[in-house]
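Shown below: target-v4.cif, with mmCIF, C-alpha atoms and all ligand atoms.
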```cif
data_entry
loop_
_atom_site.label_atom_id
_atom_site.label_comp_id
_atom_site.auth_asym_id
_atom_site.auth_seq_id
_atom_site.Cartn_x
_atom_site.Cartn_y
_atom_site.Cartn_z
CA MET Z 1 0.00 0.00 0.00
CA ILE Z 2 1.35 3.43 -0.91
CA ILE Z 3 -0.05 6.50 0.80
CA HIS Z 4 1.14 9.57 -1.04
CA LEU Z 5 1.16 12.39 1.50
CA GLN Z 6 0.34 16.03 0.82
CA PRO Z 7 3.31 18.40 0.91
CA ASN Z 8 3.62 20.31 4.17
CA LEU Z 9 1.19 18.20 6.18
CA SER Z 10 1.51 18.74 9.91
CA GLU Z 11 3.18 16.27 12.25
CA GLU Z 12 -0.21 15.72 13.91
CA GLU Z 13 -1.86 14.85 10.58
CA ARG Z 14 1.00 12.47 9.75
CA GLN Z 15 0.70 10.71 13.11
CA LYS Z 16 -3.08 10.29 12.71
CA ILE Z 17 -2.58 8.59 9.35
CA ILE Z 18 0.16 6.36 10.77
CA GLU Z 19 -2.06 5.37 13.72
CA LYS Z 20 -5.01 4.54 11.51
CA ILE Z 21 -3.09 2.44 9.01
CA THR Z 22 -1.42 0.61 11.93
CA ARG Z 23 -4.88 -0.11 13.36
CA PHE Z 24 -5.79 -1.72 10.03
CA GLY Z 25 -2.90 -4.15 10.61
CA TYR Z 26 -0.29 -2.51 8.37
CA LYS Z 27 3.33 -1.69 9.17
CA PRO Z 28 3.99 1.83 7.85
CA ASN Z 29 7.42 3.01 6.64
CA LEU Z 30 7.82 6.74 6.16
CA VAL Z 31 9.76 7.57 2.98
CA THR Z 32 10.90 11.13 2.34
CA THR Z 33 12.42 11.77 -1.06
CA GLN Z 34 13.69 14.92 -2.77
CA PHE Z 35 10.19 15.35 -4.25
CA ALA Z 36 7.57 13.97 -1.87
CA GLU Z 37 6.62 12.05 1.23
CA TYR Z 38 5.07 8.57 1.21
CA LEU Z 39 3.95 5.97 3.69
CA VAL Z 40 4.75 2.54 2.35
CA ALA Z 41 2.50 0.30 4.43
CA ILE Z 42 3.11 -3.43 4.44
CA GLY Z 43 0.15 -5.69 5.21
CA LYS Z 44 -2.57 -7.79 3.68
CA ASN Z 45 -5.84 -6.91 5.41
CA GLU Z 46 -8.69 -5.76 3.23
CA PHE Z 47 -10.31 -2.43 4.05
CA ASP Z 48 -12.06 0.39 2.25
CA LEU Z 49 -9.26 2.62 0.95
CA ARG Z 50 -11.48 5.68 1.29
CA GLN Z 51 -11.08 5.46 5.06
CA ILE Z 52 -7.46 6.57 4.62
CA GLY Z 53 -7.85 8.33 1.27
CA GLY Z 54 -10.31 10.80 2.76
CA MET Z 55 -8.04 11.84 5.62
CA LYS Z 56 -6.49 15.27 5.81
CA GLY Z 57 -2.89 15.21 4.56
CA VAL Z 58 -3.43 12.28 2.14
CA LYS Z 59 -2.95 13.07 -1.54
CA ASP Z 60 -3.58 9.57 -2.85
CA ILE Z 61 -3.68 5.94 -1.77
CA HIS Z 62 -2.90 2.87 -3.89
CA ARG Z 63 -2.87 -0.82 -3.26
CA VAL Z 64 0.42 -2.22 -4.63
CA THR Z 65 0.76 -5.96 -4.28
CA ASP Z 66 4.19 -6.27 -5.95
CA SER Z 67 7.25 -7.09 -3.83
CA TYR Z 68 8.57 -3.64 -4.80
CA LYS Z 69 6.26 -0.68 -4.21
CA LEU Z 70 7.46 2.84 -5.01
CA VAL Z 71 9.12 1.82 -8.26
CA SER Z 72 5.98 0.00 -9.40
CA ARG Z 73 3.81 1.46 -12.13
CA LYS Z 74 0.74 0.51 -10.12
CA TRP Z 75 0.61 3.82 -8.25
CA LYS Z 76 2.10 6.19 -10.82
CA VAL Z 77 0.46 6.64 -14.20
CA ASN Z 78 3.09 8.85 -15.83
CA SER Z 79 6.51 7.54 -16.65
CA THR Z 80 9.33 9.14 -14.69
CA CYS Z 81 11.37 11.70 -16.51
CA ILE Z 82 14.83 12.61 -15.20
CA ASP Z 83 16.12 16.14 -15.55
CA LEU Z 84 19.93 16.31 -15.67
CA GLY Z 85 19.95 20.09 -15.90
CA ASP Z 86 20.88 22.38 -18.81
CA GLY Z 87 17.89 21.08 -20.77
CA ILE Z 88 19.17 17.48 -20.82
CA MET Z 89 16.43 14.98 -20.02
CA ILE Z 90 15.91 11.26 -19.88
CA GLU Z 91 12.34 10.79 -21.00
CA GLU Z 92 10.07 8.36 -22.73
CA GLY Z 93 10.10 8.52 -26.52
CA LYS Z 94 13.31 10.55 -26.78
CA CYS Z 95 16.08 7.93 -26.56
CA ALA Z 96 18.85 9.53 -24.54
CA ILE Z 97 22.29 8.39 -25.67
CA MET Z 98 25.19 7.86 -23.27
CA ALA Z 99 28.35 6.90 -25.11
CA GLY Z 100 32.05 6.69 -24.39
CA PRO Z 101 34.83 4.29 -23.54
CA CYS Z 102 34.61 1.42 -21.12
CA SER Z 103 37.48 3.03 -19.15
CA ILE Z 104 38.75 6.58 -18.99
CA GLU Z 105 42.40 6.26 -20.07
CA SER Z 106 44.03 9.58 -20.94
CA GLU Z 107 43.43 13.26 -21.66
CA SER Z 108 43.72 12.73 -25.40
CA GLN Z 109 41.22 9.84 -25.31
CA ILE Z 110 38.76 11.99 -23.35
CA ARG Z 111 39.14 14.95 -25.72
CA LYS Z 112 38.73 12.86 -28.86
CA THR Z 113 35.62 11.21 -27.42
CA LEU Z 114 34.13 14.57 -26.39
CA ASP Z 115 34.78 15.91 -29.91
CA HIS Z 116 32.95 12.91 -31.36
CA LEU Z 117 29.99 13.23 -28.98
CA LYS Z 118 29.72 16.96 -29.59
CA ALA Z 119 29.71 16.43 -33.36
CA GLU Z 120 26.90 13.87 -32.99
CA GLY Z 121 24.86 15.96 -30.53
CA ILE Z 122 25.29 13.29 -27.81
CA GLN Z 123 24.93 14.98 -24.44
CA ILE Z 124 26.10 12.31 -21.98
CA MET Z 125 29.51 10.62 -21.86
CA ARG Z 126 30.06 7.28 -20.18
CA GLY Z 127 33.37 5.99 -18.85
CA GLY Z 128 34.74 4.11 -15.87
CA VAL Z 129 37.36 5.42 -13.48
CA TYR Z 130 36.77 2.62 -10.96
CA LYS Z 131 36.61 -0.60 -12.95
CA PRO Z 132 35.30 -3.88 -11.60
CA ARG Z 133 37.55 -6.42 -13.34
CA SER Z 134 37.40 -10.20 -13.17
CA SER Z 135 41.18 -10.32 -12.80
CA PRO Z 136 42.94 -8.10 -10.26
CA TYR Z 137 45.82 -7.74 -12.74
CA SER Z 138 43.70 -6.02 -15.41
CA PHE Z 139 43.50 -2.23 -15.73
CA ARG Z 140 41.35 -1.00 -12.84
CA GLY Z 141 40.84 2.65 -13.78
CA LEU Z 142 42.42 6.06 -13.20
CA GLY Z 143 40.41 6.71 -10.02
CA ILE Z 144 39.45 10.12 -8.69
CA ASP Z 145 42.22 12.03 -10.52
CA GLY Z 146 40.98 10.68 -13.82
CA LEU Z 147 37.44 11.68 -12.89
CA LYS Z 148 38.50 15.24 -12.01
CA LEU Z 149 40.30 15.71 -15.31
CA TRP Z 150 37.38 14.21 -17.26
CA ALA Z 151 34.82 16.39 -15.47
CA LYS Z 152 36.83 19.53 -16.22
CA LEU Z 153 36.97 18.74 -19.93
CA ALA Z 154 33.36 17.51 -20.16
CA ARG Z 155 32.11 20.75 -18.63
CA GLU Z 156 33.98 22.75 -21.24
CA TYR Z 157 31.95 20.84 -23.85
CA GLY Z 158 28.65 21.04 -21.92
CA ILE Z 159 28.51 17.24 -21.77
CA LYS Z 160 27.27 15.29 -18.73
CA ILE Z 161 29.11 12.40 -17.09
CA ILE Z 162 27.95 8.94 -16.07
CA THR Z 163 30.42 6.75 -14.22
CA GLU Z 164 30.39 3.74 -11.94
CA VAL Z 165 30.63 4.00 -8.17
CA MET Z 166 31.80 0.74 -6.62
CA GLN Z 167 31.45 1.44 -2.92
CA SER Z 168 29.69 3.94 -0.70
CA SER Z 169 32.93 5.45 0.60
CA GLN Z 170 33.63 6.79 -2.93
CA ILE Z 171 30.39 8.77 -3.23
CA GLU Z 172 31.45 11.88 -1.37
CA ASP Z 173 34.69 12.40 -3.30
CA MET Z 174 32.98 11.70 -6.64
CA PHE Z 175 29.84 13.74 -6.02
CA ASP Z 176 30.92 17.11 -7.46
CA TYR Z 177 32.25 15.57 -10.67
CA VAL Z 178 29.45 13.16 -11.56
CA ASP Z 179 26.06 13.76 -13.18
CA ILE Z 180 24.78 10.18 -12.99
CA PHE Z 181 26.10 7.47 -10.66
CA GLN Z 182 26.20 4.04 -12.30
CA VAL Z 183 25.76 0.92 -10.20
CA GLY Z 184 27.44 -1.96 -12.02
CA ALA Z 185 26.07 -5.44 -12.54
CA ARG Z 186 28.31 -6.83 -9.82
CA ASN Z 187 26.88 -4.40 -7.30
CA THR Z 188 23.13 -4.61 -8.04
CA GLN Z 189 22.59 -6.29 -4.68
CA ASN Z 190 25.16 -4.34 -2.71
CA PHE Z 191 22.45 -3.10 -0.39
CA ASN Z 192 24.77 -0.81 1.59
CA LEU Z 193 25.71 0.98 -1.62
CA LEU Z 194 22.04 1.21 -2.67
CA ASP Z 195 21.11 2.63 0.74
CA ALA Z 196 23.87 5.22 0.44
CA LEU Z 197 22.73 6.23 -3.06
CA GLY Z 198 19.23 6.68 -1.67
CA GLU Z 199 20.58 9.61 0.30
CA VAL Z 200 22.27 11.23 -2.67
CA ASP Z 201 20.58 13.97 -4.67
CA LYS Z 202 21.86 12.77 -8.04
CA PRO Z 203 20.41 10.36 -10.60
CA VAL Z 204 21.44 6.72 -10.47
CA LEU Z 205 21.58 4.19 -13.30
CA LEU Z 206 21.12 0.75 -11.81
CA LYS Z 207 22.28 -2.19 -13.89
CA ARG Z 208 20.71 -5.60 -13.75
CA GLY Z 209 22.79 -8.21 -11.95
CA ILE Z 210 24.76 -10.71 -14.01
CA SER Z 211 22.36 -13.48 -12.98
CA GLY Z 212 19.70 -11.23 -11.53
CA THR Z 213 15.98 -11.53 -12.15
CA ILE Z 214 13.74 -8.65 -13.18
CA ASP Z 215 12.11 -8.77 -9.76
CA GLU Z 216 15.48 -8.53 -8.01
CA LEU Z 217 16.42 -5.52 -10.14
CA LEU Z 218 13.19 -3.78 -9.18
CA GLN Z 219 13.65 -4.57 -5.50
CA SER Z 220 17.17 -3.12 -5.67
CA ALA Z 221 15.72 0.02 -7.25
CA GLU Z 222 13.24 0.10 -4.36
CA TYR Z 223 16.19 0.37 -1.94
CA ILE Z 224 17.34 3.57 -3.64
CA PHE Z 225 13.85 5.06 -3.90
CA SER Z 226 12.88 4.22 -0.32
CA GLY Z 227 16.21 5.68 0.79
CA GLY Z 228 15.03 9.03 -0.59
CA ASN Z 229 16.22 9.19 -4.19
CA GLU Z 230 13.51 8.99 -6.88
CA ARG Z 231 15.82 9.65 -9.83
CA ILE Z 232 16.60 6.10 -10.90
CA MET Z 233 17.12 4.49 -14.32
CA LEU Z 234 16.96 0.73 -14.80
CA CYS Z 235 19.52 -0.80 -17.13
CA GLU Z 236 19.34 -4.09 -19.00
CA ARG Z 237 22.91 -5.17 -19.82
CA GLY Z 238 22.54 -8.83 -20.58
CA ILE Z 239 22.52 -11.81 -18.29
CA ARG Z 240 24.64 -14.90 -18.00
CA SER Z 241 23.15 -17.88 -19.83
CA TYR Z 242 24.37 -21.25 -21.14
CA GLU Z 243 25.08 -19.69 -24.54
CA ASN Z 244 28.75 -18.96 -25.16
CA ALA Z 245 28.75 -17.71 -28.75
CA TYR Z 246 28.69 -14.21 -27.28
CA ARG Z 247 29.52 -12.56 -23.96
CA ASN Z 248 26.07 -12.15 -22.39
CA THR Z 249 22.48 -12.78 -23.44
CA MET Z 250 20.82 -9.41 -23.99
CA ASP Z 251 17.37 -9.89 -22.48
CA VAL Z 252 15.28 -7.69 -24.75
CA ASN Z 253 12.21 -9.25 -23.14
CA ALA Z 254 13.19 -7.62 -19.87
CA ILE Z 255 12.99 -4.16 -21.45
CA ALA Z 256 9.35 -4.64 -22.40
CA ILE Z 257 8.51 -6.18 -19.03
CA LEU Z 258 10.32 -3.49 -17.02
CA LYS Z 259 8.46 -0.77 -18.94
CA GLU Z 260 5.21 -2.40 -17.97
CA LYS Z 261 6.08 -3.07 -14.35
CA SER Z 262 7.80 0.18 -13.48
CA HIS Z 263 7.43 3.89 -14.17
CA LEU Z 264 11.24 4.32 -14.17
CA PRO Z 265 13.14 4.93 -17.42
CA VAL Z 266 14.74 1.84 -18.92
CA ILE Z 267 18.16 2.12 -20.55
CA ALA Z 268 19.66 -0.59 -22.75
CA ASP Z 269 23.36 -1.45 -22.74
CA PRO Z 270 23.91 -3.40 -25.97
CA SER Z 271 27.72 -3.33 -25.59
CA HIS Z 272 27.78 -5.55 -22.51
CA GLY Z 273 24.53 -7.12 -23.70
CA ILE Z 274 26.19 -8.99 -26.58
CA GLY Z 275 29.85 -8.15 -26.12
CA LEU Z 276 30.77 -8.14 -29.83
CA ARG Z 277 31.11 -4.82 -31.65
CA ASN Z 278 29.61 -5.92 -34.97
CA TYR Z 279 26.27 -6.78 -33.38
CA VAL Z 280 25.95 -3.85 -31.00
CA GLU Z 281 23.96 -1.81 -33.52
CA SER Z 282 21.30 -4.48 -34.15
CA ILE Z 283 20.86 -5.15 -30.45
CA ALA Z 284 20.66 -1.42 -29.72
CA LEU Z 285 17.92 -0.96 -32.31
CA ALA Z 286 16.05 -4.07 -31.13
CA SER Z 287 16.17 -2.67 -27.58
CA LEU Z 288 14.75 0.63 -28.76
CA LEU Z 289 11.86 -1.12 -30.47
CA ALA Z 290 11.24 -3.12 -27.29
CA GLY Z 291 10.66 0.19 -25.51
CA ALA Z 292 14.03 1.38 -24.15
CA ASP Z 293 14.12 5.06 -23.21
CA GLY Z 294 17.83 5.35 -23.85
CA LEU Z 295 21.06 3.61 -24.75
CA ILE Z 296 24.44 3.36 -23.08
CA TYR Z 297 27.21 2.00 -25.28
CA GLU Z 298 30.97 1.88 -25.56
CA THR Z 299 32.95 3.81 -28.17
CA HIS Z 300 36.64 4.77 -28.31
CA PRO Z 301 38.98 6.63 -30.70
CA GLN Z 302 40.89 3.36 -31.30
CA PRO Z 303 38.53 0.62 -30.16
CA GLU Z 304 40.92 -2.27 -30.71
CA LYS Z 305 43.42 -0.55 -28.38
CA ALA Z 306 40.91 0.11 -25.57
CA PHE Z 307 42.27 -0.82 -22.12
CA SER Z 308 39.05 -2.74 -21.36
CA ASP Z 309 36.17 -4.29 -23.31
CA ALA Z 310 37.90 -3.63 -26.66
CA GLN Z 311 35.99 -6.42 -28.44
CA GLN Z 312 32.62 -4.76 -27.82
CA THR Z 313 33.68 -1.13 -28.33
CA LEU Z 314 32.44 0.77 -31.40
CA SER Z 315 34.60 2.94 -33.61
CA PHE Z 316 33.43 6.55 -33.91
CA GLY Z 317 32.23 5.71 -37.43
CA GLN Z 318 30.03 2.91 -36.06
CA SER Z 319 28.84 5.17 -33.26
CA SER Z 320 27.83 7.88 -35.76
CA GLU Z 321 25.94 5.34 -37.83
CA LEU Z 322 24.12 4.01 -34.77
CA THR Z 323 23.22 7.53 -33.67
CA ARG Z 324 21.79 8.29 -37.10
CA LYS Z 325 19.62 5.17 -37.01
CA VAL Z 326 18.48 5.79 -33.44
CA ARG Z 327 17.36 9.30 -34.38
CA ALA Z 328 15.50 7.99 -37.43
CA ILE Z 329 13.67 5.33 -35.40
CA THR Z 330 12.84 7.74 -32.59
CA GLN Z 331 11.42 10.18 -35.10
CA LEU Z 332 9.41 7.46 -36.80
CA ALA Z 333 8.02 6.22 -33.49
CA HIS Z 334 7.18 9.77 -32.51
CA ASN Z 335 5.27 10.36 -35.73
CA ASP Z 336 3.47 7.06 -35.27
CA PHE Z 337 2.41 8.03 -31.76
CA MET Z 338 1.20 11.38 -33.06
CA LEU Z 339 -1.00 9.62 -35.58
CA SER Z 340 -2.57 7.24 -33.08
C1 LIG O 1 30.73 -1.01 -17.68
O1 LIG O 1 29.74 -0.29 -17.88
O2 LIG O 1 31.82 -0.85 -18.24
C2 LIG O 1 30.55 -2.20 -16.81
C3 LIG O 1 31.55 -2.69 -16.11
O3 LIG O 1 29.30 -2.67 -16.86
P1 LIG O 1 28.59 -3.91 -16.11
O4 LIG O 1 28.52 -3.53 -14.67
O5 LIG O 1 27.26 -3.98 -16.77
O6 LIG O 1 29.44 -5.13 -16.35
MN MN O 2 32.75 -2.10 -20.12
#
```
Now that the file is in, can you turn its structure into structure tokens?
Ligand code: PEP
Ligand code: MN
Amino acid sequence: MIIHLQPNLSEEERQKIIEKITRFGYKPNLVTTQFAEYLVAIGKNEFDLRQIGGMKGVKDIHRVTDSYKLVSRKWKVNSTCIDLGDGIMIEEGKCAIMAGPCSIESESQIRKTLDHLKAEGIQIMRGGVYKPRSSPYSFRGLGIDGLKLWAKLAREYGIKIITEVMQSSQIEDMFDYVDIFQVGARNTQNFNLLDALGEVDKPVLLKRGISGTIDELLQSAEYIFSGGNERIMLCERGIRSYENAYRNTMDVNAIAILKEKSHLPVIADPSHGIGLRNYVESIALASLLAGADGLIYETHPQPEKAFSDAQQTLSFGQSSELTRKVRAITQLAHNDFMLS
């Protein structure tokens, strides 16, 4: 049950609502986010919702039977739109593009990538400075110094930054230089990190776990939302399956299902999704048609020389071609929607 509270209700009004819902056999949890206040009440008893809905201080009440609540579409009709500032939005039907290398490597690599993004009108650059690597001997990122340099250059270009945070102790140092915090597939169920990101007033892109279910992804998103941060994007990046002809199995099904189950934007990561550069474009376009609100993919000035994930990284030529097709499809879909 979600009880959406009115802004500025008095403490007395809040307590009355809490007492009444408790009397109905529910355990209320007060959630205060950057935008609103909610009571997420856990229980099963049947009662007439109007008994709470009619109380002073209640904006709305919804029965949500899913294991996740605030991220469910059952209480929120409109899809969530995320404002990154400077007119840059993640919103349904627009296909936001986030592109850049797997890892941030050098000043020249950053500059060349920014030049490419600028030329293509791409407003968000991806890149890792803390890299989760299967082997401890692989390149593990330039760390905070790399992030500071990247942020300085990206701001000169008016381009936003998305980068992975691996542990909660990194958040404070990274905060000023990051526009979107990425939670990687290996950290989808790092509940301490999710709790910490709930307290942060910055958007979060949450990737699906390597062997995670859709339900687990949504429950992880619920950690962030219930911690106070509503600005969450869900990311399908492929899951581990028995197939070994490619790196991961991009679960395009999940995109359609997530769009139905949640009001949060869904971003597709075709690079990790298939792991082979020549197929990234097809999987990106398939994801868009399945309903993705945006794409995050890897591109590099010299893809074959990339320090990490070289085999799935697009050349700038391939990135330009993909961008052109994405724009054409988005436009087509938009016109179609206008007609219907
Ligand atoms: C990445 O984006 O480079 C990355 C490590 O992604 P994932 O967590 O999906 O493996
Ligand atoms: Mn990568």
Shell of 7 Å around ligand LIG 1 (chain O) (all atoms listed in the file), written as a ChimeraX atom specification: /Z:102-103,128,131-132,183-186,207,237,272
List the neighbours of Ile122 in chain Z out to 12 Å using all atoms listed in the file; skip same-chain residues closer than 5 positions along the sequence, and give me the result as a PDB file with C-alpha atoms, in the coordinates of the input.
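Output contents, as saved in out.pdb:
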```pdb
ATOM      1  CA  ILE Z  88      19.170  17.480 -20.820  1.00  0.00           C
ATOM      2  CA  MET Z  89      16.430  14.980 -20.020  1.00  0.00           C
ATOM      3  CA  CYS Z  95      16.080   7.930 -26.560  1.00  0.00           C
ATOM      4  CA  ALA Z  96      18.850   9.530 -24.540  1.00  0.00           C
ATOM      5  CA  ILE Z  97      22.290   8.390 -25.670  1.00  0.00           C
ATOM      6  CA  MET Z  98      25.190   7.860 -23.270  1.00  0.00           C
ATOM      7  CA  ALA Z  99      28.350   6.900 -25.110  1.00  0.00           C
ATOM      8  CA  GLY Z 100      32.050   6.690 -24.390  1.00  0.00           C
ATOM      9  CA  THR Z 113      35.620  11.210 -27.420  1.00  0.00           C
ATOM     10  CA  LEU Z 114      34.130  14.570 -26.390  1.00  0.00           C
ATOM     11  CA  ASP Z 115      34.780  15.910 -29.910  1.00  0.00           C
ATOM     12  CA  HIS Z 116      32.950  12.910 -31.360  1.00  0.00           C
ATOM     13  CA  LEU Z 117      29.990  13.230 -28.980  1.00  0.00           C
ATOM     14  CA  ALA Z 154      33.360  17.510 -20.160  1.00  0.00           C
ATOM     15  CA  TYR Z 157      31.950  20.840 -23.850  1.00  0.00           C
ATOM     16  CA  GLY Z 158      28.650  21.040 -21.920  1.00  0.00           C
ATOM     17  CA  ILE Z 159      28.510  17.240 -21.770  1.00  0.00           C
ATOM     18  CA  LYS Z 160      27.270  15.290 -18.730  1.00  0.00           C
ATOM     19  CA  ILE Z 161      29.110  12.400 -17.090  1.00  0.00           C
ATOM     20  CA  GLY Z 294      17.830   5.350 -23.850  1.00  0.00           C
ATOM     21  CA  LEU Z 295      21.060   3.610 -24.750  1.00  0.00           C
ATOM     22  CA  ILE Z 296      24.440   3.360 -23.080  1.00  0.00           C
ATOM     23  CA  TYR Z 297      27.210   2.000 -25.280  1.00  0.00           C
ATOM     24  CA  SER Z 319      28.840   5.170 -33.260  1.00  0.00           C
ATOM     25  CA  SER Z 320      27.830   7.880 -35.760  1.00  0.00           C
ATOM     26  CA  LEU Z 322      24.120   4.010 -34.770  1.00  0.00           C
ATOM     27  CA  THR Z 323      23.220   7.530 -33.670  1.00  0.00           C
ATOM     28  CA  ARG Z 324      21.790   8.290 -37.100  1.00  0.00           C
ATOM     29  CA  VAL Z 326      18.480   5.790 -33.440  1.00  0.00           C
ATOM     30  CA  ARG Z 327      17.360   9.300 -34.380  1.00  0.00           C
TER      31      ARG Z 327
END
```
Answer as a ChimeraX atom specification, residues within 12 Å of (-10.8, 9.5, 6.9) using only C-alpha atoms: /Z:13,16-17,19-21,48-58,61
Straight-line distance linking CA of Arg277 in chain Z with CA of Thr313 in chain Z, stated in Å to one decimal: 5.6 Å
Residues near Asn244 in chain Z, cut-off 12 Å, only C-alpha atoms, skip fewer than 6 positions along chain, as JSON, numbers by chain: {"Z": [274, 275, 276]}
Within 12 Å of range 105-109 of chain Z using all atoms listed in the file, minus same-chain residues under 4 positions, as a VMD selection string: chain Z and resid 100 to 101 113 to 116 127 to 131 139 to 143 145 to 154 299 to 303 305 to 308
So that I have them on file, write out the residues from the current selection with C-alpha atoms, as a PDB file, in the coordinates of the input.
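See selection25.pdb below for the written result:
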```pdb
ATOM      1  CA  GLY Z 100      32.050   6.690 -24.390  1.00  0.00           C
ATOM      2  CA  PRO Z 101      34.830   4.290 -23.540  1.00  0.00           C
ATOM      3  CA  THR Z 113      35.620  11.210 -27.420  1.00  0.00           C
ATOM      4  CA  LEU Z 114      34.130  14.570 -26.390  1.00  0.00           C
ATOM      5  CA  ASP Z 115      34.780  15.910 -29.910  1.00  0.00           C
ATOM      6  CA  HIS Z 116      32.950  12.910 -31.360  1.00  0.00           C
ATOM      7  CA  GLY Z 127      33.370   5.990 -18.850  1.00  0.00           C
ATOM      8  CA  GLY Z 128      34.740   4.110 -15.870  1.00  0.00           C
ATOM      9  CA  VAL Z 129      37.360   5.420 -13.480  1.00  0.00           C
ATOM     10  CA  TYR Z 130      36.770   2.620 -10.960  1.00  0.00           C
ATOM     11  CA  LYS Z 131      36.610  -0.600 -12.950  1.00  0.00           C
ATOM     12  CA  PHE Z 139      43.500  -2.230 -15.730  1.00  0.00           C
ATOM     13  CA  ARG Z 140      41.350  -1.000 -12.840  1.00  0.00           C
ATOM     14  CA  GLY Z 141      40.840   2.650 -13.780  1.00  0.00           C
ATOM     15  CA  LEU Z 142      42.420   6.060 -13.200  1.00  0.00           C
ATOM     16  CA  GLY Z 143      40.410   6.710 -10.020  1.00  0.00           C
ATOM     17  CA  ASP Z 145      42.220  12.030 -10.520  1.00  0.00           C
ATOM     18  CA  GLY Z 146      40.980  10.680 -13.820  1.00  0.00           C
ATOM     19  CA  LEU Z 147      37.440  11.680 -12.890  1.00  0.00           C
ATOM     20  CA  LYS Z 148      38.500  15.240 -12.010  1.00  0.00           C
ATOM     21  CA  LEU Z 149      40.300  15.710 -15.310  1.00  0.00           C
ATOM     22  CA  TRP Z 150      37.380  14.210 -17.260  1.00  0.00           C
ATOM     23  CA  ALA Z 151      34.820  16.390 -15.470  1.00  0.00           C
ATOM     24  CA  LYS Z 152      36.830  19.530 -16.220  1.00  0.00           C
ATOM     25  CA  LEU Z 153      36.970  18.740 -19.930  1.00  0.00           C
ATOM     26  CA  ALA Z 154      33.360  17.510 -20.160  1.00  0.00           C
ATOM     27  CA  THR Z 299      32.950   3.810 -28.170  1.00  0.00           C
ATOM     28  CA  HIS Z 300      36.640   4.770 -28.310  1.00  0.00           C
ATOM     29  CA  PRO Z 301      38.980   6.630 -30.700  1.00  0.00           C
ATOM     30  CA  GLN Z 302      40.890   3.360 -31.300  1.00  0.00           C
ATOM     31  CA  PRO Z 303      38.530   0.620 -30.160  1.00  0.00           C
ATOM     32  CA  LYS Z 305      43.420  -0.550 -28.380  1.00  0.00           C
ATOM     33  CA  ALA Z 306      40.910   0.110 -25.570  1.00  0.00           C
ATOM     34  CA  PHE Z 307      42.270  -0.820 -22.120  1.00  0.00           C
ATOM     35  CA  SER Z 308      39.050  -2.740 -21.360  1.00  0.00           C
TER      36      SER Z 308
END
```
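Comparing Z:Ile162, Z:Leu258, Z:Ala221, Z:Leu206 by their smallest distance to Leu84 in chain Z, the closest is Z:Ile162 (using only C-alpha atoms).
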Within 10 Å of Met174 in chain Z using all atoms listed in the file, minus same-chain residues under 3 positions, as an MDAnalysis selection string: chainID Z and resid 143:144 147:148 163:165 169:171 177:179 181
Straight-line distance linking CA of Glu281 in chain Z with CA of Cys235 in chain Z, stated in Å to one decimal: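 One can read the CA of Glu281 in chain Z to CA of Cys235 in chain Z distance as 17.0 Å.
If only C-alpha atoms are the atoms counted, then among Z:Val71, Z:Asp215, Z:Phe47, Z:Ser220 the closest residue to Ile257 in chain Z is Z:Asp215.
Taking all atoms listed in the file, the non-local environment of Asp293 in chain Z within 9 Å (same-chain residues fewer than 4 positions away omitted) comprises Ile90, Glu91, Glu92, Gly93, Lys94, Cys95, Ala96, Pro265, Val266, Ile267, Ala268 and Leu288 of chain Z.
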Among the residues Z:Glu321, Z:Asp269, Z:Glu46, Z:Glu304, the one that comes closest to ligand MN 2 (chain O) [using only C-alpha atoms and all ligand atoms]: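 Smallest distance to ligand MN 2 (chain O) is found for Z:Asp269.
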